[in-house]
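This is model_25.csv. It holds CSV, N, CA, C and O atoms.
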```csv
chain,number,residue,atom,x,y,z
A,1,MET,N,0.8,-1.2,0.0
A,1,MET,CA,0.0,0.0,0.0
A,1,MET,C,0.9,1.3,0.0
A,1,MET,O,0.6,2.2,-0.7
A,2,SER,N,1.9,1.3,0.8
A,2,SER,CA,2.7,2.5,0.9
A,2,SER,C,3.4,2.8,-0.4
A,2,SER,O,3.6,4.0,-0.8
A,3,ALA,N,3.9,1.8,-1.1
A,3,ALA,CA,4.5,2.0,-2.4
A,3,ALA,C,3.6,2.7,-3.4
A,3,ALA,O,4.0,3.5,-4.2
A,4,ARG,N,2.3,2.3,-3.4
A,4,ARG,CA,1.4,2.8,-4.3
A,4,ARG,C,1.1,4.3,-3.9
A,4,ARG,O,0.9,5.1,-4.8
A,5,ALA,N,1.0,4.6,-2.6
A,5,ALA,CA,0.7,6.0,-2.2
A,5,ALA,C,1.9,6.8,-2.6
A,5,ALA,O,1.7,8.0,-3.1
A,6,PHE,N,3.1,6.3,-2.4
A,6,PHE,CA,4.3,7.1,-2.8
A,6,PHE,C,4.3,7.3,-4.3
A,6,PHE,O,4.6,8.5,-4.7
A,7,ASP,N,4.0,6.3,-5.1
A,7,ASP,CA,3.9,6.5,-6.6
A,7,ASP,C,2.9,7.6,-6.9
A,7,ASP,O,3.1,8.4,-7.8
A,8,THR,N,1.7,7.6,-6.2
A,8,THR,CA,0.7,8.5,-6.5
A,8,THR,C,1.1,9.9,-6.2
A,8,THR,O,0.9,10.9,-7.0
A,9,ILE,N,1.7,10.2,-5.1
A,9,ILE,CA,2.2,11.5,-4.7
A,9,ILE,C,3.3,12.0,-5.7
A,9,ILE,O,3.3,13.1,-6.1
A,10,GLU,N,4.2,11.1,-6.0
A,10,GLU,CA,5.3,11.5,-7.0
A,10,GLU,C,4.6,11.8,-8.4
A,10,GLU,O,5.1,12.8,-9.0
A,11,PHE,N,3.7,11.0,-8.8
A,11,PHE,CA,3.0,11.3,-10.1
A,11,PHE,C,2.3,12.7,-10.0
A,11,PHE,O,2.5,13.5,-10.9
A,12,MET,N,1.6,13.0,-8.9
A,12,MET,CA,1.0,14.3,-8.8
A,12,MET,C,2.0,15.4,-8.8
A,12,MET,O,1.8,16.5,-9.5
A,13,GLN,N,3.1,15.3,-8.1
A,13,GLN,CA,4.1,16.4,-8.1
A,13,GLN,C,4.7,16.5,-9.5
A,13,GLN,O,4.9,17.7,-10.0
A,14,GLN,N,5.1,15.5,-10.2
A,14,GLN,CA,5.8,15.6,-11.4
A,14,GLN,C,4.8,15.9,-12.6
A,14,GLN,O,5.2,16.7,-13.5
A,15,GLU,N,3.7,15.3,-12.6
A,15,GLU,CA,2.8,15.5,-13.8
A,15,GLU,C,1.7,16.6,-13.6
A,15,GLU,O,1.5,17.3,-14.5
A,16,TRP,N,1.1,16.6,-12.5
A,16,TRP,CA,0.0,17.6,-12.3
A,16,TRP,C,0.5,18.9,-11.9
A,16,TRP,O,0.1,20.0,-12.4
A,17,ILE,N,1.4,18.9,-10.9
A,17,ILE,CA,1.8,20.2,-10.3
A,17,ILE,C,2.9,20.9,-11.1
A,17,ILE,O,2.8,22.1,-11.4
A,18,ASN,N,3.9,20.2,-11.5
A,18,ASN,CA,5.1,20.8,-12.2
A,18,ASN,C,5.2,20.5,-13.6
A,18,ASN,O,6.1,20.9,-14.3
A,19,GLY,N,4.3,19.7,-14.2
A,19,GLY,CA,4.3,19.4,-15.6
A,19,GLY,C,3.0,19.6,-16.3
A,19,GLY,O,2.1,18.7,-16.2
A,20,GLY,N,2.7,20.8,-16.8
A,20,GLY,CA,1.4,21.1,-17.4
A,20,GLY,C,1.0,20.3,-18.5
A,20,GLY,O,-0.2,20.4,-18.9
A,21,ASN,N,1.8,19.5,-19.1
A,21,ASN,CA,1.4,18.7,-20.3
A,21,ASN,C,0.3,17.7,-19.9
A,21,ASN,O,-0.5,17.3,-20.8
A,22,PHE,N,0.1,17.4,-18.7
A,22,PHE,CA,-1.0,16.5,-18.3
A,22,PHE,C,-2.3,17.1,-18.6
A,22,PHE,O,-3.3,16.4,-18.9
A,23,VAL,N,-2.5,18.4,-18.4
A,23,VAL,CA,-3.7,19.1,-18.7
A,23,VAL,C,-3.6,20.1,-19.9
A,23,VAL,O,-4.2,21.1,-20.0
A,24,ASP,N,-2.6,19.7,-20.8
A,24,ASP,CA,-2.4,20.5,-22.1
A,24,ASP,C,-2.0,21.9,-21.8
A,24,ASP,O,-2.5,22.8,-22.6
A,25,LEU,N,-1.2,22.2,-20.8
A,25,LEU,CA,-0.7,23.6,-20.6
A,25,LEU,C,0.7,23.7,-21.0
A,25,LEU,O,1.4,24.7,-20.6
A,26,GLY,N,1.3,22.8,-21.7
A,26,GLY,CA,2.7,22.8,-22.1
A,26,GLY,C,3.6,22.7,-20.8
A,26,GLY,O,3.4,21.8,-20.1
A,27,SER,N,4.5,23.6,-20.7
A,27,SER,CA,5.4,23.5,-19.5
A,27,SER,C,5.0,24.4,-18.4
A,27,SER,O,5.8,24.6,-17.4
A,28,GLU,N,3.8,24.9,-18.4
A,28,GLU,CA,3.3,25.7,-17.2
A,28,GLU,C,3.1,24.8,-16.0
A,28,GLU,O,2.8,23.6,-16.1
A,29,ARG,N,3.3,25.5,-14.8
A,29,ARG,CA,3.2,24.8,-13.6
A,29,ARG,C,2.0,25.3,-12.8
A,29,ARG,O,1.5,26.4,-13.0
A,30,ASP,N,1.6,24.5,-11.8
A,30,ASP,CA,0.5,24.9,-10.9
A,30,ASP,C,0.8,26.2,-10.3
A,30,ASP,O,1.9,26.4,-9.7
A,31,PRO,N,-0.1,27.2,-10.3
A,31,PRO,CA,0.2,28.5,-9.8
A,31,PRO,C,0.3,28.6,-8.3
A,31,PRO,O,1.0,29.5,-7.8
A,32,ILE,N,-0.2,27.7,-7.5
A,32,ILE,CA,-0.2,27.7,-6.0
A,32,ILE,C,0.9,26.8,-5.5
A,32,ILE,O,1.8,27.3,-4.7
A,33,VAL,N,1.0,25.6,-5.9
A,33,VAL,CA,1.9,24.6,-5.3
A,33,VAL,C,3.1,24.3,-6.2
A,33,VAL,O,3.9,23.5,-5.9
A,34,GLY,N,3.1,24.8,-7.4
A,34,GLY,CA,4.1,24.5,-8.4
A,34,GLY,C,5.4,25.2,-8.0
A,34,GLY,O,5.5,26.2,-7.3
A,35,ASN,N,6.5,24.6,-8.4
A,35,ASN,CA,7.9,25.2,-8.2
A,35,ASN,C,8.2,26.1,-9.3
A,35,ASN,O,8.5,25.6,-10.4
A,36,HIS,N,8.2,27.4,-9.1
A,36,HIS,CA,8.5,28.3,-10.2
A,36,HIS,C,9.9,28.8,-10.2
A,36,HIS,O,10.2,29.7,-11.0
A,37,HIS,N,10.7,28.3,-9.3
A,37,HIS,CA,12.1,28.7,-9.3
A,37,HIS,C,12.8,28.1,-10.6
A,37,HIS,O,12.8,26.9,-10.8
A,38,GLY,N,13.3,29.0,-11.4
A,38,GLY,CA,14.0,28.5,-12.6
A,38,GLY,C,12.9,28.1,-13.7
A,38,GLY,O,13.3,27.4,-14.6
A,39,ASP,N,11.7,28.5,-13.5
A,39,ASP,CA,10.6,28.2,-14.4
A,39,ASP,C,10.9,28.7,-15.8
A,39,ASP,O,11.1,29.9,-16.0
A,40,GLU,N,10.9,27.9,-16.8
A,40,GLU,CA,11.2,28.4,-18.2
A,40,GLU,C,10.1,29.3,-18.8
A,40,GLU,O,10.4,30.0,-19.7
A,41,THR,N,8.9,29.2,-18.2
A,41,THR,CA,7.9,30.1,-18.7
A,41,THR,C,7.9,31.5,-18.0
A,41,THR,O,7.1,32.3,-18.3
A,42,GLY,N,8.8,31.7,-17.0
A,42,GLY,CA,8.8,32.9,-16.3
A,42,GLY,C,7.6,33.1,-15.3
A,42,GLY,O,7.2,34.2,-15.0
A,43,GLY,N,7.1,31.9,-14.8
A,43,GLY,CA,6.0,32.0,-13.9
A,43,GLY,C,4.7,32.3,-14.6
A,43,GLY,O,4.0,33.2,-14.1
A,44,GLN,N,4.4,31.7,-15.6
A,44,GLN,CA,3.2,31.9,-16.4
A,44,GLN,C,2.2,30.8,-16.2
A,44,GLN,O,2.5,29.7,-16.1
A,45,PHE,N,0.9,31.2,-16.1
A,45,PHE,CA,-0.2,30.3,-16.0
A,45,PHE,C,-1.4,30.7,-16.8
A,45,PHE,O,-1.8,31.9,-16.8
A,46,THR,N,-2.0,29.8,-17.5
A,46,THR,CA,-3.1,30.1,-18.4
A,46,THR,C,-4.4,29.5,-17.8
A,46,THR,O,-4.4,28.3,-17.6
A,47,MET,N,-5.4,30.4,-17.7
A,47,MET,CA,-6.7,29.9,-17.2
A,47,MET,C,-7.7,29.8,-18.4
A,47,MET,O,-7.8,30.8,-19.1
A,48,PRO,N,-8.3,28.7,-18.6
A,48,PRO,CA,-9.3,28.6,-19.7
A,48,PRO,C,-10.5,29.5,-19.3
A,48,PRO,O,-10.9,29.5,-18.1
A,49,ALA,N,-10.9,30.3,-20.2
A,49,ALA,CA,-12.1,31.2,-19.9
A,49,ALA,C,-12.8,31.5,-21.2
A,49,ALA,O,-12.2,31.3,-22.3
A,50,GLU,N,-14.0,32.0,-21.2
A,50,GLU,CA,-14.7,32.4,-22.3
A,50,GLU,C,-14.9,33.9,-22.3
A,50,GLU,O,-15.1,34.5,-21.3
A,51,PRO,N,-14.7,34.6,-23.4
A,51,PRO,CA,-14.5,34.1,-24.8
A,51,PRO,C,-13.1,33.8,-25.1
A,51,PRO,O,-12.8,33.2,-26.1
A,52,ALA,N,-12.2,34.2,-24.2
A,52,ALA,CA,-10.7,33.9,-24.5
A,52,ALA,C,-10.1,33.6,-23.2
A,52,ALA,O,-10.5,34.0,-22.1
A,53,ARG,N,-9.0,32.8,-23.2
A,53,ARG,CA,-8.3,32.4,-22.0
A,53,ARG,C,-7.6,33.6,-21.4
A,53,ARG,O,-7.3,34.5,-22.1
A,54,LYS,N,-7.3,33.5,-20.1
A,54,LYS,CA,-6.6,34.5,-19.4
A,54,LYS,C,-5.2,34.0,-19.0
A,54,LYS,O,-5.1,32.9,-18.4
A,55,ARG,N,-4.2,34.8,-19.2
A,55,ARG,CA,-2.8,34.4,-18.9
A,55,ARG,C,-2.3,35.3,-17.8
A,55,ARG,O,-2.4,36.5,-17.9
A,56,ILE,N,-1.8,34.7,-16.8
A,56,ILE,CA,-1.2,35.4,-15.6
A,56,ILE,C,0.3,35.2,-15.7
A,56,ILE,O,0.8,34.1,-15.9
A,57,ASN,N,1.1,36.3,-15.7
A,57,ASN,CA,2.6,36.2,-15.8
A,57,ASN,C,3.2,36.7,-14.5
A,57,ASN,O,2.6,37.4,-13.7
A,58,GLY,N,4.4,36.2,-14.2
A,58,GLY,CA,5.2,36.7,-13.1
A,58,GLY,C,4.9,35.9,-11.8
A,58,GLY,O,5.1,36.5,-10.7
A,59,ILE,N,4.3,34.7,-11.9
A,59,ILE,CA,4.0,33.9,-10.7
A,59,ILE,C,5.3,33.5,-10.0
A,59,ILE,O,6.2,33.0,-10.7
A,60,THR,N,5.4,33.7,-8.7
A,60,THR,CA,6.6,33.2,-8.0
A,60,THR,C,6.2,32.0,-7.2
A,60,THR,O,5.0,31.7,-6.9
A,61,THR,N,7.2,31.2,-6.7
A,61,THR,CA,6.9,30.1,-5.9
A,61,THR,C,6.3,30.5,-4.6
A,61,THR,O,6.9,31.3,-3.8
A,62,PHE,N,5.1,30.0,-4.3
A,62,PHE,CA,4.3,30.3,-3.1
A,62,PHE,C,4.8,29.6,-1.9
A,62,PHE,O,4.9,30.1,-0.8
A,63,ASN,N,5.1,28.3,-2.1
A,63,ASN,CA,5.6,27.5,-0.9
A,63,ASN,C,7.0,27.0,-1.2
A,63,ASN,O,7.4,26.9,-2.3
A,64,ARG,N,7.7,26.8,-0.1
A,64,ARG,CA,9.1,26.3,-0.2
A,64,ARG,C,9.2,25.0,0.6
A,64,ARG,O,8.8,24.9,1.7
A,65,MET,N,9.6,24.0,-0.1
A,65,MET,CA,9.8,22.7,0.5
A,65,MET,C,11.2,22.6,1.1
A,65,MET,O,12.2,22.8,0.5
A,66,SER,N,11.2,22.3,2.4
A,66,SER,CA,12.5,22.2,3.1
A,66,SER,C,12.7,20.7,3.6
A,66,SER,O,13.6,20.5,4.3
A,67,GLY,N,11.8,19.9,3.3
A,67,GLY,CA,11.8,18.5,3.7
A,67,GLY,C,10.5,17.9,3.4
A,67,GLY,O,9.6,18.6,2.9
A,68,GLY,N,10.3,16.7,3.7
A,68,GLY,CA,9.0,16.1,3.4
A,68,GLY,C,8.8,14.7,3.9
A,68,GLY,O,9.8,14.0,4.2
A,69,GLU,N,7.6,14.4,4.1
A,69,GLU,CA,7.2,13.0,4.6
A,69,GLU,C,6.0,12.6,3.8
A,69,GLU,O,5.2,13.5,3.4
A,70,TYR,N,5.9,11.4,3.5
A,70,TYR,CA,4.7,10.9,2.9
A,70,TYR,C,3.8,10.2,4.0
A,70,TYR,O,4.2,9.3,4.6
A,71,LEU,N,2.7,10.8,4.3
A,71,LEU,CA,1.8,10.3,5.4
A,71,LEU,C,0.5,9.9,4.8
A,71,LEU,O,0.0,10.5,3.8
A,72,PHE,N,-0.1,8.9,5.5
A,72,PHE,CA,-1.4,8.5,5.1
A,72,PHE,C,-2.4,8.8,6.3
A,72,PHE,O,-2.1,8.5,7.4
A,73,ALA,N,-3.4,9.5,6.0
A,73,ALA,CA,-4.4,9.9,7.0
A,73,ALA,C,-5.7,9.3,6.7
A,73,ALA,O,-6.2,9.5,5.6
A,74,PRO,N,-6.3,8.5,7.5
A,74,PRO,CA,-7.6,7.9,7.3
A,74,PRO,C,-8.7,9.0,7.2
A,74,PRO,O,-8.5,10.1,7.8
A,75,SER,N,-9.7,8.7,6.5
A,75,SER,CA,-10.9,9.7,6.4
A,75,SER,C,-11.6,9.8,7.7
A,75,SER,O,-11.4,9.0,8.6
A,76,LEU,N,-12.4,10.9,7.8
A,76,LEU,CA,-13.1,11.1,9.0
A,76,LEU,C,-14.1,9.9,9.3
A,76,LEU,O,-14.3,9.5,10.4
A,77,SER,N,-14.7,9.4,8.2
A,77,SER,CA,-15.6,8.3,8.4
A,77,SER,C,-14.9,7.1,8.9
A,77,SER,O,-15.5,6.3,9.7
A,78,ALA,N,-13.7,6.8,8.5
A,78,ALA,CA,-12.9,5.7,9.0
A,78,ALA,C,-12.6,5.9,10.4
A,78,ALA,O,-12.6,5.0,11.2
A,79,LEU,N,-12.2,7.1,10.8
A,79,LEU,CA,-11.9,7.4,12.2
A,79,LEU,C,-13.1,7.2,13.1
A,79,LEU,O,-13.0,6.7,14.2
A,80,LYS,N,-14.3,7.7,12.6
A,80,LYS,CA,-15.5,7.5,13.4
A,80,LYS,C,-15.8,6.0,13.5
A,80,LYS,O,-16.3,5.5,14.6
A,81,TRP,N,-15.7,5.2,12.5
A,81,TRP,CA,-15.9,3.8,12.5
A,81,TRP,C,-15.0,3.1,13.6
A,81,TRP,O,-15.4,2.3,14.4
A,82,LEU,N,-13.7,3.5,13.5
A,82,LEU,CA,-12.8,3.0,14.5
A,82,LEU,C,-13.2,3.3,15.9
A,82,LEU,O,-13.1,2.5,16.9
A,83,GLY,N,-13.6,4.6,16.1
A,83,GLY,CA,-14.0,5.1,17.4
A,83,GLY,C,-15.3,4.4,18.0
A,83,GLY,O,-15.5,4.3,19.2
A,84,ASN,N,-16.1,4.0,17.1
A,84,ASN,CA,-17.4,3.4,17.5
A,84,ASN,C,-17.4,1.9,17.6
A,84,ASN,O,-18.4,1.2,17.9
A,85,GLN,N,-16.2,1.3,17.6
A,85,GLN,CA,-16.1,-0.2,17.6
A,85,GLN,C,-16.2,-0.7,19.0
A,85,GLN,O,-16.5,-1.9,19.2
A,86,GLY,N,-16.0,0.1,20.0
A,86,GLY,CA,-16.1,-0.4,21.4
A,86,GLY,C,-15.0,-1.3,21.9
A,86,GLY,O,-15.2,-2.1,22.8
A,87,TRP,N,-13.9,-1.3,21.2
A,87,TRP,CA,-12.8,-2.2,21.6
A,87,TRP,C,-12.2,-1.7,22.9
A,87,TRP,O,-12.1,-0.5,23.2
A,88,SER,N,-11.9,-2.6,23.8
A,88,SER,CA,-11.3,-2.2,25.1
A,88,SER,C,-9.8,-2.5,25.0
A,88,SER,O,-9.3,-3.3,24.2
A,89,ARG,N,-9.1,-1.8,25.9
A,89,ARG,CA,-7.6,-2.0,25.9
A,89,ARG,C,-7.2,-3.2,26.6
A,89,ARG,O,-7.6,-3.8,27.4
```
Could you express the structure from this file as structure tokens?
Amino acid sequence: MSARAFDTIEFMQQEWINGGNFVDLGSERDPIVGNHHGDETGGQFTMPAEPARKRINGITTFNRMSGGEYLFAPSLSALKWLGNQGWSR
């Protein structure tokens, strides 16, 4: 299970957050959690809109990663289920 969670998080970071080709945005990165340091687009993000898309330029990196852990947190419904089991110590 943990290997699959690790793969999912890595996929999200590489493909969704820092690789816009997954959603046909070329090399654009996510405007909030993407790493824009050394971004070849200069911190550019395109929002689909009608009648024409809107482009935002000059986005800087909002968050800075200084380390990391891969954690799994159960859902609230799973925690409630566990809490209602009546198991004794």
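Considering the residues A:Asp39, A:Gln14, A:Gln44, A:Ser75 and counting only C-alpha atoms, Ile56 of chain A has its shortest atom-to-atom contact with A:Gln44.
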Which residues, written as a PDB file with N, CA, C and O atoms, keeping the file's coordinate frame, have at least one atom at most 7 Å from Thr46 of chain A, with only N, CA, C and O atoms counted and residues fewer than 3 positions away on the same chain left out?
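Saved to out02.pdb:
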```
ATOM      1  N   LEU A  25      -1.200  22.200 -20.800  1.00  0.00           N
ATOM      2  CA  LEU A  25      -0.700  23.600 -20.600  1.00  0.00           C
ATOM      3  C   LEU A  25       0.700  23.700 -21.000  1.00  0.00           C
ATOM      4  O   LEU A  25       1.400  24.700 -20.600  1.00  0.00           O
ATOM      5  N   GLU A  28       3.800  24.900 -18.400  1.00  0.00           N
ATOM      6  CA  GLU A  28       3.300  25.700 -17.200  1.00  0.00           C
ATOM      7  C   GLU A  28       3.100  24.800 -16.000  1.00  0.00           C
ATOM      8  O   GLU A  28       2.800  23.600 -16.100  1.00  0.00           O
ATOM      9  N   ARG A  29       3.300  25.500 -14.800  1.00  0.00           N
ATOM     10  CA  ARG A  29       3.200  24.800 -13.600  1.00  0.00           C
ATOM     11  C   ARG A  29       2.000  25.300 -12.800  1.00  0.00           C
ATOM     12  O   ARG A  29       1.500  26.400 -13.000  1.00  0.00           O
ATOM     13  N   ALA A  49     -10.900  30.300 -20.200  1.00  0.00           N
ATOM     14  CA  ALA A  49     -12.100  31.200 -19.900  1.00  0.00           C
ATOM     15  C   ALA A  49     -12.800  31.500 -21.200  1.00  0.00           C
ATOM     16  O   ALA A  49     -12.200  31.300 -22.300  1.00  0.00           O
ATOM     17  N   ARG A  53      -9.000  32.800 -23.200  1.00  0.00           N
ATOM     18  CA  ARG A  53      -8.300  32.400 -22.000  1.00  0.00           C
ATOM     19  C   ARG A  53      -7.600  33.600 -21.400  1.00  0.00           C
ATOM     20  O   ARG A  53      -7.300  34.500 -22.100  1.00  0.00           O
ATOM     21  N   LYS A  54      -7.300  33.500 -20.100  1.00  0.00           N
ATOM     22  CA  LYS A  54      -6.600  34.500 -19.400  1.00  0.00           C
ATOM     23  C   LYS A  54      -5.200  34.000 -19.000  1.00  0.00           C
ATOM     24  O   LYS A  54      -5.100  32.900 -18.400  1.00  0.00           O
ATOM     25  N   ARG A  55      -4.200  34.800 -19.200  1.00  0.00           N
ATOM     26  CA  ARG A  55      -2.800  34.400 -18.900  1.00  0.00           C
ATOM     27  C   ARG A  55      -2.300  35.300 -17.800  1.00  0.00           C
ATOM     28  O   ARG A  55      -2.400  36.500 -17.900  1.00  0.00           O
ATOM     29  N   ILE A  56      -1.800  34.700 -16.800  1.00  0.00           N
ATOM     30  CA  ILE A  56      -1.200  35.400 -15.600  1.00  0.00           C
ATOM     31  C   ILE A  56       0.300  35.200 -15.700  1.00  0.00           C
ATOM     32  O   ILE A  56       0.800  34.100 -15.900  1.00  0.00           O
TER      33      ILE A  56
END
```
Would you kindly return, as a list in words, each protein, DNA or RNA residue with an atom no farther than 9 Å from any atom of Ile32 of chain A, considering only C-alpha atoms and excluding same-chain residues fewer than 5 positions away?
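Contacts, with the query itself left out: Ile17, Ile59, Thr60, Thr61, Phe62 and Asn63 of chain A.
Note that atom CA of Pro31 of chain A and atom O of Gln13 of chain A are 11.8 Å apart.
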For this session: Record the distance separating atom C of Asp30 of chain A and atom CA of Trp16 of chain A, expressed in Å with one decimal.
Result: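 It comes out at 8.9 Å.
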Take every atom of segment 25-42 of chain A listed in the file, pad by 3 Å on each side, and give me the axis-aligned box centre and edge lengths in Å, one decimal, as JSON.
```
{"center_x": 6.4, "center_y": 28.0, "center_z": -13.4, "size_x": 21.2, "size_y": 18.4, "size_z": 23.4}
```
Just how far from atom CA of Ala52 of chain A is atom CA of Gly19 of chain A, in Å to one decimal?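 Distance between the two atoms: 22.7 Å.
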